[in-house]
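Structure file protein03.txt (compact mmCIF, N, CA and C atoms) is printed below.
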# COMPACT_ATOMS: atom_id res chain seq x y z
N GLN A 1 -11.41 5.82 -16.06
CA GLN A 1 -11.06 6.49 -14.81
C GLN A 1 -9.82 7.35 -15.03
N LEU A 2 -9.92 8.61 -14.67
CA LEU A 2 -8.81 9.53 -14.86
C LEU A 2 -7.72 9.23 -13.85
N GLN A 3 -6.50 9.08 -14.34
CA GLN A 3 -5.35 8.87 -13.46
C GLN A 3 -4.20 9.78 -13.87
N LEU A 4 -3.49 10.27 -12.87
CA LEU A 4 -2.30 11.08 -13.07
C LEU A 4 -1.16 10.45 -12.29
N VAL A 5 -0.01 10.28 -12.94
CA VAL A 5 1.13 9.67 -12.28
C VAL A 5 2.35 10.57 -12.48
N GLU A 6 2.90 11.03 -11.36
CA GLU A 6 4.10 11.85 -11.40
C GLU A 6 5.34 10.97 -11.26
N SER A 7 6.42 11.42 -11.87
CA SER A 7 7.71 10.74 -11.72
C SER A 7 8.83 11.73 -11.96
N GLY A 8 10.05 11.30 -11.64
CA GLY A 8 11.21 12.13 -11.90
C GLY A 8 11.81 12.79 -10.68
N GLY A 9 11.17 12.64 -9.54
CA GLY A 9 11.73 13.22 -8.33
C GLY A 9 12.97 12.49 -7.87
N GLY A 10 13.64 13.07 -6.89
CA GLY A 10 14.83 12.45 -6.35
C GLY A 10 15.65 13.43 -5.55
N LEU A 11 16.87 13.02 -5.25
CA LEU A 11 17.80 13.85 -4.49
C LEU A 11 18.73 14.56 -5.47
N VAL A 12 18.87 15.86 -5.30
CA VAL A 12 19.74 16.65 -6.17
C VAL A 12 20.42 17.71 -5.33
N GLN A 13 21.63 18.06 -5.72
CA GLN A 13 22.36 19.10 -5.00
C GLN A 13 21.86 20.48 -5.39
N PRO A 14 22.04 21.45 -4.52
CA PRO A 14 21.68 22.83 -4.89
C PRO A 14 22.37 23.25 -6.18
N GLY A 15 21.61 23.92 -7.04
CA GLY A 15 22.12 24.30 -8.35
C GLY A 15 21.88 23.27 -9.42
N GLY A 16 21.45 22.08 -9.03
CA GLY A 16 21.20 21.02 -9.99
C GLY A 16 19.86 21.12 -10.67
N SER A 17 19.57 20.12 -11.50
CA SER A 17 18.35 20.11 -12.30
C SER A 17 17.63 18.77 -12.20
N LEU A 18 16.34 18.83 -12.35
CA LEU A 18 15.49 17.64 -12.46
C LEU A 18 14.38 17.95 -13.44
N THR A 19 13.86 16.91 -14.07
CA THR A 19 12.67 17.04 -14.90
C THR A 19 11.60 16.10 -14.38
N LEU A 20 10.49 16.67 -13.99
CA LEU A 20 9.35 15.89 -13.53
C LEU A 20 8.40 15.63 -14.70
N SER A 21 7.75 14.48 -14.65
CA SER A 21 6.75 14.12 -15.66
C SER A 21 5.42 13.85 -14.97
N CYS A 22 4.36 14.20 -15.64
CA CYS A 22 3.00 13.89 -15.19
C CYS A 22 2.31 13.21 -16.37
N VAL A 23 2.08 11.92 -16.22
CA VAL A 23 1.45 11.13 -17.29
C VAL A 23 -0.01 10.91 -16.94
N ALA A 24 -0.89 11.22 -17.88
CA ALA A 24 -2.33 11.12 -17.64
C ALA A 24 -2.93 9.98 -18.46
N SER A 25 -3.97 9.39 -17.92
CA SER A 25 -4.73 8.37 -18.63
C SER A 25 -6.20 8.50 -18.26
N GLY A 26 -7.05 7.95 -19.12
CA GLY A 26 -8.47 7.96 -18.83
C GLY A 26 -9.16 9.28 -19.11
N LEU A 27 -8.55 10.12 -19.93
CA LEU A 27 -9.14 11.41 -20.26
C LEU A 27 -8.72 11.83 -21.66
N ARG A 28 -9.47 12.80 -22.21
CA ARG A 28 -9.04 13.40 -23.46
C ARG A 28 -8.01 14.47 -23.09
N PHE A 29 -6.76 14.08 -23.12
CA PHE A 29 -5.70 14.87 -22.52
C PHE A 29 -5.63 16.27 -23.10
N ASP A 30 -5.81 16.41 -24.40
CA ASP A 30 -5.59 17.72 -25.02
C ASP A 30 -6.65 18.74 -24.65
N SER A 31 -7.70 18.33 -23.95
CA SER A 31 -8.72 19.28 -23.52
C SER A 31 -8.55 19.70 -22.07
N TYR A 32 -7.52 19.19 -21.41
CA TYR A 32 -7.30 19.48 -20.00
C TYR A 32 -6.12 20.43 -19.78
N ALA A 33 -6.31 21.33 -18.81
CA ALA A 33 -5.20 22.10 -18.28
C ALA A 33 -4.56 21.30 -17.15
N ILE A 34 -3.26 21.46 -16.99
CA ILE A 34 -2.52 20.74 -15.96
C ILE A 34 -1.76 21.74 -15.09
N GLY A 35 -1.83 21.52 -13.81
CA GLY A 35 -1.08 22.35 -12.88
C GLY A 35 -0.09 21.53 -12.08
N TRP A 36 1.05 22.14 -11.77
CA TRP A 36 2.02 21.54 -10.85
C TRP A 36 1.93 22.28 -9.52
N PHE A 37 1.88 21.53 -8.45
CA PHE A 37 1.80 22.05 -7.10
C PHE A 37 2.87 21.37 -6.26
N ARG A 38 3.20 21.97 -5.14
CA ARG A 38 4.14 21.33 -4.24
C ARG A 38 3.75 21.62 -2.80
N GLN A 39 4.16 20.71 -1.93
CA GLN A 39 3.91 20.88 -0.51
C GLN A 39 5.17 20.50 0.25
N ALA A 40 5.73 21.46 0.91
CA ALA A 40 6.91 21.24 1.74
C ALA A 40 6.47 20.87 3.15
N PRO A 41 7.33 20.20 3.90
CA PRO A 41 6.97 19.81 5.27
C PRO A 41 6.54 21.02 6.10
N GLY A 42 5.38 20.89 6.73
CA GLY A 42 4.89 21.95 7.59
C GLY A 42 4.31 23.16 6.87
N LYS A 43 4.21 23.07 5.56
CA LYS A 43 3.69 24.21 4.80
C LYS A 43 2.46 23.81 4.00
N GLU A 44 1.71 24.81 3.57
CA GLU A 44 0.54 24.55 2.76
C GLU A 44 0.96 24.25 1.32
N ARG A 45 0.08 23.55 0.62
CA ARG A 45 0.33 23.27 -0.78
C ARG A 45 0.26 24.57 -1.58
N GLU A 46 1.17 24.72 -2.52
CA GLU A 46 1.20 25.94 -3.33
C GLU A 46 1.28 25.58 -4.81
N GLY A 47 0.63 26.40 -5.62
CA GLY A 47 0.74 26.23 -7.06
C GLY A 47 2.02 26.87 -7.55
N ILE A 48 2.75 26.15 -8.41
CA ILE A 48 4.01 26.69 -8.89
C ILE A 48 4.02 26.92 -10.39
N SER A 49 3.25 26.15 -11.14
CA SER A 49 3.22 26.34 -12.58
C SER A 49 2.02 25.62 -13.16
N CYS A 50 1.54 26.12 -14.29
CA CYS A 50 0.44 25.43 -14.95
C CYS A 50 0.50 25.70 -16.44
N ILE A 51 -0.18 24.83 -17.18
CA ILE A 51 -0.23 24.96 -18.63
C ILE A 51 -1.66 24.68 -19.08
N SER A 52 -2.18 25.55 -19.91
CA SER A 52 -3.55 25.40 -20.38
C SER A 52 -3.63 24.37 -21.50
N SER A 53 -4.85 24.02 -21.89
CA SER A 53 -5.01 23.10 -23.01
C SER A 53 -4.50 23.73 -24.30
N GLY A 54 -4.46 25.04 -24.35
CA GLY A 54 -3.91 25.75 -25.50
C GLY A 54 -2.44 26.09 -25.35
N SER A 55 -1.80 25.53 -24.31
CA SER A 55 -0.37 25.68 -24.02
C SER A 55 0.04 27.05 -23.52
N ASN A 56 -0.92 27.83 -23.00
CA ASN A 56 -0.55 29.03 -22.25
C ASN A 56 0.05 28.59 -20.91
N THR A 57 1.06 29.30 -20.46
CA THR A 57 1.75 28.90 -19.24
C THR A 57 1.73 29.99 -18.18
N ASN A 58 1.91 29.55 -16.94
CA ASN A 58 1.97 30.49 -15.82
C ASN A 58 2.96 29.95 -14.80
N TYR A 59 3.66 30.87 -14.12
CA TYR A 59 4.65 30.46 -13.11
C TYR A 59 4.50 31.31 -11.86
N ALA A 60 4.69 30.67 -10.71
CA ALA A 60 4.79 31.42 -9.47
C ALA A 60 6.09 32.21 -9.47
N ASP A 61 6.10 33.32 -8.76
CA ASP A 61 7.32 34.14 -8.72
C ASP A 61 8.52 33.36 -8.18
N SER A 62 8.25 32.43 -7.28
CA SER A 62 9.33 31.69 -6.64
C SER A 62 10.10 30.78 -7.61
N VAL A 63 9.49 30.46 -8.75
CA VAL A 63 10.14 29.55 -9.70
C VAL A 63 10.36 30.18 -11.07
N LYS A 64 9.85 31.37 -11.26
CA LYS A 64 9.95 32.02 -12.57
C LYS A 64 11.42 32.18 -12.96
N GLY A 65 11.73 31.81 -14.19
CA GLY A 65 13.10 31.90 -14.67
C GLY A 65 13.92 30.66 -14.40
N ARG A 66 13.44 29.78 -13.52
CA ARG A 66 14.18 28.55 -13.20
C ARG A 66 13.44 27.30 -13.68
N PHE A 67 12.12 27.33 -13.66
CA PHE A 67 11.31 26.17 -14.04
C PHE A 67 10.63 26.44 -15.39
N THR A 68 10.46 25.38 -16.16
CA THR A 68 9.76 25.46 -17.44
C THR A 68 8.76 24.32 -17.55
N ILE A 69 7.53 24.68 -17.84
CA ILE A 69 6.49 23.67 -18.02
C ILE A 69 6.22 23.50 -19.51
N SER A 70 5.93 22.27 -19.90
CA SER A 70 5.61 21.99 -21.30
C SER A 70 4.70 20.77 -21.35
N ARG A 71 4.10 20.55 -22.49
CA ARG A 71 3.22 19.39 -22.64
C ARG A 71 3.45 18.74 -23.99
N ASP A 72 3.27 17.42 -24.00
CA ASP A 72 3.32 16.62 -25.22
C ASP A 72 2.01 15.84 -25.29
N ASN A 73 1.07 16.36 -26.05
CA ASN A 73 -0.24 15.72 -26.10
C ASN A 73 -0.19 14.32 -26.72
N SER A 74 0.79 14.07 -27.57
CA SER A 74 0.91 12.74 -28.18
C SER A 74 1.30 11.69 -27.15
N LYS A 75 1.88 12.14 -26.02
CA LYS A 75 2.29 11.22 -24.95
C LYS A 75 1.46 11.39 -23.69
N ASN A 76 0.43 12.22 -23.76
CA ASN A 76 -0.41 12.48 -22.57
C ASN A 76 0.45 12.88 -21.37
N THR A 77 1.43 13.72 -21.62
CA THR A 77 2.41 14.04 -20.58
C THR A 77 2.67 15.53 -20.49
N VAL A 78 2.78 16.01 -19.26
CA VAL A 78 3.26 17.36 -18.98
C VAL A 78 4.57 17.24 -18.23
N TYR A 79 5.52 18.07 -18.61
CA TYR A 79 6.85 18.06 -18.00
C TYR A 79 7.07 19.34 -17.20
N LEU A 80 7.89 19.21 -16.16
CA LEU A 80 8.33 20.38 -15.42
C LEU A 80 9.85 20.29 -15.33
N GLN A 81 10.52 21.10 -16.14
CA GLN A 81 11.97 21.17 -16.11
C GLN A 81 12.37 22.14 -15.01
N MET A 82 13.16 21.67 -14.06
CA MET A 82 13.54 22.48 -12.91
C MET A 82 15.05 22.66 -12.90
N ASN A 83 15.47 23.88 -13.03
CA ASN A 83 16.90 24.20 -13.05
C ASN A 83 17.27 25.06 -11.85
N ASN A 84 18.56 25.09 -11.55
CA ASN A 84 19.07 25.93 -10.46
C ASN A 84 18.27 25.69 -9.18
N LEU A 85 18.12 24.44 -8.83
CA LEU A 85 17.30 24.09 -7.67
C LEU A 85 17.92 24.58 -6.38
N ARG A 86 17.04 24.93 -5.46
CA ARG A 86 17.44 25.47 -4.15
C ARG A 86 16.88 24.57 -3.06
N SER A 87 17.43 24.71 -1.87
CA SER A 87 16.95 23.89 -0.76
C SER A 87 15.47 24.13 -0.50
N GLU A 88 15.02 25.35 -0.73
CA GLU A 88 13.60 25.66 -0.49
C GLU A 88 12.66 25.06 -1.53
N ASP A 89 13.21 24.44 -2.57
CA ASP A 89 12.38 23.72 -3.53
C ASP A 89 12.05 22.30 -3.06
N THR A 90 12.65 21.89 -1.95
CA THR A 90 12.37 20.57 -1.40
C THR A 90 10.90 20.45 -1.02
N ALA A 91 10.24 19.45 -1.60
CA ALA A 91 8.80 19.28 -1.38
C ALA A 91 8.33 18.03 -2.12
N VAL A 92 7.11 17.64 -1.84
CA VAL A 92 6.42 16.67 -2.68
C VAL A 92 5.70 17.46 -3.77
N TYR A 93 5.93 17.04 -5.01
CA TYR A 93 5.36 17.72 -6.16
C TYR A 93 4.21 16.90 -6.72
N TYR A 94 3.10 17.60 -6.96
CA TYR A 94 1.88 16.97 -7.46
C TYR A 94 1.44 17.63 -8.76
N CYS A 95 0.81 16.85 -9.63
CA CYS A 95 0.12 17.46 -10.77
C CYS A 95 -1.38 17.24 -10.62
N ALA A 96 -2.12 18.14 -11.21
CA ALA A 96 -3.57 18.10 -11.16
C ALA A 96 -4.13 18.49 -12.52
N ALA A 97 -5.28 17.93 -12.86
CA ALA A 97 -5.90 18.16 -14.17
C ALA A 97 -7.28 18.77 -14.00
N ASP A 98 -7.63 19.67 -14.92
CA ASP A 98 -8.94 20.31 -14.87
C ASP A 98 -9.29 20.85 -16.25
N ARG A 99 -10.59 20.94 -16.54
CA ARG A 99 -10.98 21.49 -17.84
C ARG A 99 -12.22 22.37 -17.70
N ARG A 100 -12.31 23.10 -16.57
CA ARG A 100 -13.50 23.89 -16.31
C ARG A 100 -13.66 25.06 -17.26
N TYR A 101 -12.55 25.61 -17.70
CA TYR A 101 -12.63 26.85 -18.45
C TYR A 101 -12.01 26.69 -19.83
N GLY A 102 -11.75 27.81 -20.48
CA GLY A 102 -11.31 27.76 -21.86
C GLY A 102 -9.87 27.39 -22.05
N ARG A 103 -9.44 27.43 -23.30
CA ARG A 103 -8.14 26.92 -23.67
C ARG A 103 -6.99 27.79 -23.17
N ALA A 104 -7.28 28.98 -22.69
CA ALA A 104 -6.22 29.85 -22.17
C ALA A 104 -6.05 29.74 -20.66
N TRP A 105 -6.94 29.03 -20.02
CA TRP A 105 -6.95 28.96 -18.55
C TRP A 105 -6.14 27.78 -18.05
N CYS A 106 -5.47 28.00 -16.91
CA CYS A 106 -4.86 26.87 -16.22
C CYS A 106 -4.92 27.13 -14.72
N PRO A 107 -4.89 26.06 -13.90
CA PRO A 107 -5.10 26.20 -12.47
C PRO A 107 -3.89 26.76 -11.74
N ARG A 108 -4.00 27.96 -11.21
CA ARG A 108 -2.91 28.57 -10.46
C ARG A 108 -3.01 28.26 -8.97
N ASP A 109 -4.19 27.83 -8.52
CA ASP A 109 -4.34 27.38 -7.15
C ASP A 109 -5.16 26.10 -7.17
N ASP A 110 -5.29 25.49 -5.99
CA ASP A 110 -5.91 24.16 -5.94
C ASP A 110 -7.40 24.19 -5.67
N ASN A 111 -8.02 25.37 -5.77
CA ASN A 111 -9.46 25.46 -5.52
C ASN A 111 -10.25 24.64 -6.52
N GLY A 112 -11.02 23.70 -6.01
CA GLY A 112 -11.94 22.94 -6.84
C GLY A 112 -11.32 21.90 -7.73
N LEU A 113 -10.04 21.60 -7.54
CA LEU A 113 -9.39 20.59 -8.37
C LEU A 113 -9.68 19.21 -7.81
N ASP A 114 -10.20 18.34 -8.66
CA ASP A 114 -10.62 17.02 -8.20
C ASP A 114 -9.68 15.89 -8.61
N HIS A 115 -8.83 16.13 -9.60
CA HIS A 115 -8.01 15.06 -10.14
C HIS A 115 -6.55 15.33 -9.84
N TRP A 116 -5.96 14.46 -9.02
CA TRP A 116 -4.59 14.64 -8.54
C TRP A 116 -3.79 13.36 -8.69
N GLY A 117 -2.51 13.53 -8.88
CA GLY A 117 -1.61 12.40 -8.76
C GLY A 117 -1.21 12.22 -7.31
N LYS A 118 -0.38 11.20 -7.07
CA LYS A 118 0.03 10.89 -5.69
C LYS A 118 1.30 11.61 -5.29
N GLY A 119 1.97 12.23 -6.24
CA GLY A 119 3.12 13.04 -5.91
C GLY A 119 4.46 12.34 -6.10
N THR A 120 5.49 13.17 -6.25
CA THR A 120 6.87 12.67 -6.33
C THR A 120 7.73 13.60 -5.47
N LEU A 121 8.63 13.01 -4.71
CA LEU A 121 9.42 13.78 -3.76
C LEU A 121 10.68 14.33 -4.41
N VAL A 122 10.89 15.63 -4.22
CA VAL A 122 12.12 16.29 -4.66
C VAL A 122 12.85 16.78 -3.42
N THR A 123 14.09 16.36 -3.28
CA THR A 123 14.91 16.79 -2.15
C THR A 123 16.15 17.47 -2.70
N VAL A 124 16.35 18.71 -2.29
CA VAL A 124 17.51 19.48 -2.72
C VAL A 124 18.42 19.65 -1.51
N SER A 125 19.56 18.98 -1.56
CA SER A 125 20.44 18.97 -0.39
C SER A 125 21.84 18.56 -0.81
N LEU A 126 22.82 18.99 -0.02
CA LEU A 126 24.20 18.58 -0.28
C LEU A 126 24.40 17.13 0.10

Rendering of file as structure tokens:
Amino acid sequence: QLQLVESGGGLVQPGGSLTLSCVASGLRFDSYAIGWFRQAPGKEREGISCISSGSNTNYADSVKGRFTISRDNSKNTVYLQMNNLRSEDTAVYYCAADRRYGRAWCPRDDNGLDHWGKGTLVTVSL
């Protein structure tokens, strides 16, 4: 059974940093693309970054230059390094896994994604 578990969220001051982890089990991890999504209170879920099985990466404009996604296939883990955090980054962060397309593809939106973690809360506040 495929499982995704996010961790690393917490309370951080504006300008601070956090690193989120998404640990996967029950799948051949190196064949899956992983996406990071977030949902702020009262807002729709949005895709913020993703990494393909071939380690191609993509970032939403709102996080480009501040967030870095990476993967360690030996640990079945994808990381999201978040720097220079802002209050508007406050949200529940989710990872999702998919392998519908080739090694250069990764999920930029949540259309058709079936495998999700339960999320980790990031709060950016003084």

A:Leu85, A:Ala40, A:Cys106, A:Val122: which is nearest Gly16 of chain A, counting all atoms listed in the file?
-> A:Leu85

Draw an axis-aligned box over all listed atoms of segment 16-32 of chain A, pad each side with 5 Å, and write its centre and edge lengths in Å, one decimal, as JSON.
{"center_x": 6.0, "center_y": 15.0, "center_z": -17.0, "size_x": 40.9, "size_y": 24.1, "size_z": 26.0}

Where does DSSP see strand (DSSP E or B) in segment 4-88 of chain A, if you list the residues as JSON, numbers by chain?
-> {"A": [4, 5, 6, 7, 10, 11, 12, 18, 19, 20, 21, 22, 23, 24, 25, 33, 34, 35, 36, 37, 38, 39, 46, 47, 48, 49, 50, 51, 57, 58, 59, 67, 68, 69, 70, 71, 72, 77, 78, 79, 80, 81, 82]}

Rounded to one decimal in Å, what is the spacing between atom CA of Gly112 of chain A and atom CA of Ser74 of chain A?
-> 26.9 Å

Selected residue, from A:Gly47, A:Leu11, A:Asp89, A:Asp109, that lies nearest to Asp61 of chain A when counting only N, CA and C atoms | A:Gly47

Which residues come within 8 Å of Thr90 of chain A, counting all atoms listed in the file, excluding same-chain residues fewer than 5 positions away, as a list in words?
-> Arg38, Gln39, Ala40, Pro41, Leu85, Leu121, Val122, Thr123, Val124 and Ser125 of chain A

Output N, CA and C atoms for every residue in the selection just made, as an mmCIF file, keeping the file's coordinate frame.
data_model
loop_
_atom_site.group_PDB
_atom_site.id
_atom_site.type_symbol
_atom_site.label_atom_id
_atom_site.label_comp_id
_atom_site.auth_asym_id
_atom_site.auth_seq_id
_atom_site.Cartn_x
_atom_site.Cartn_y
_atom_site.Cartn_z
ATOM 1 N N ARG A 38 3.200 21.970 -5.140
ATOM 2 C CA ARG A 38 4.140 21.330 -4.240
ATOM 3 C C ARG A 38 3.750 21.620 -2.800
ATOM 4 N N GLN A 39 4.160 20.710 -1.930
ATOM 5 C CA GLN A 39 3.910 20.880 -0.510
ATOM 6 C C GLN A 39 5.170 20.500 0.250
ATOM 7 N N ALA A 40 5.730 21.460 0.910
ATOM 8 C CA ALA A 40 6.910 21.240 1.740
ATOM 9 C C ALA A 40 6.470 20.870 3.150
ATOM 10 N N PRO A 41 7.330 20.200 3.900
ATOM 11 C CA PRO A 41 6.970 19.810 5.270
ATOM 12 C C PRO A 41 6.540 21.020 6.100
ATOM 13 N N LEU A 85 18.120 24.440 -8.830
ATOM 14 C CA LEU A 85 17.300 24.090 -7.670
ATOM 15 C C LEU A 85 17.920 24.580 -6.380
ATOM 16 N N LEU A 121 8.630 13.010 -4.710
ATOM 17 C CA LEU A 121 9.420 13.780 -3.760
ATOM 18 C C LEU A 121 10.680 14.330 -4.410
ATOM 19 N N VAL A 122 10.890 15.630 -4.220
ATOM 20 C CA VAL A 122 12.120 16.290 -4.660
ATOM 21 C C VAL A 122 12.850 16.780 -3.420
ATOM 22 N N THR A 123 14.090 16.360 -3.280
ATOM 23 C CA THR A 123 14.910 16.790 -2.150
ATOM 24 C C THR A 123 16.150 17.470 -2.700
ATOM 25 N N VAL A 124 16.350 18.710 -2.290
ATOM 26 C CA VAL A 124 17.510 19.480 -2.720
ATOM 27 C C VAL A 124 18.420 19.650 -1.510
ATOM 28 N N SER A 125 19.560 18.980 -1.560
ATOM 29 C CA SER A 125 20.440 18.970 -0.390
ATOM 30 C C SER A 125 21.840 18.560 -0.810
#

Find the residues around Lys75 of chain A up to 6.5 Å (only N, CA and C atoms counted), leave out those fewer than 2 positions away in its own chain, and share them as a PyMOL selection string.
-> chain A and resi 23-24+72-73+77

Can I get the selection written as a CSV table (one decimal), in the frame of the given file, with N, CA and C atoms?
chain,number,residue,atom,x,y,z
A,23,VAL,N,2.1,11.9,-16.2
A,23,VAL,CA,1.4,11.1,-17.3
A,23,VAL,C,0.0,10.9,-16.9
A,24,ALA,N,-0.9,11.2,-17.9
A,24,ALA,CA,-2.3,11.1,-17.6
A,24,ALA,C,-2.9,10.0,-18.5
A,72,ASP,N,3.3,17.4,-24.0
A,72,ASP,CA,3.3,16.6,-25.2
A,72,ASP,C,2.0,15.8,-25.3
A,73,ASN,N,1.1,16.4,-26.0
A,73,ASN,CA,-0.2,15.7,-26.1
A,73,ASN,C,-0.2,14.3,-26.7
A,77,THR,N,1.4,13.7,-21.6
A,77,THR,CA,2.4,14.0,-20.6
A,77,THR,C,2.7,15.5,-20.5

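Atom pair atom N of Gly35 of chain A / atom CA of Ser17 of chain A has a distance of 20.3 Å (rounded to one decimal).
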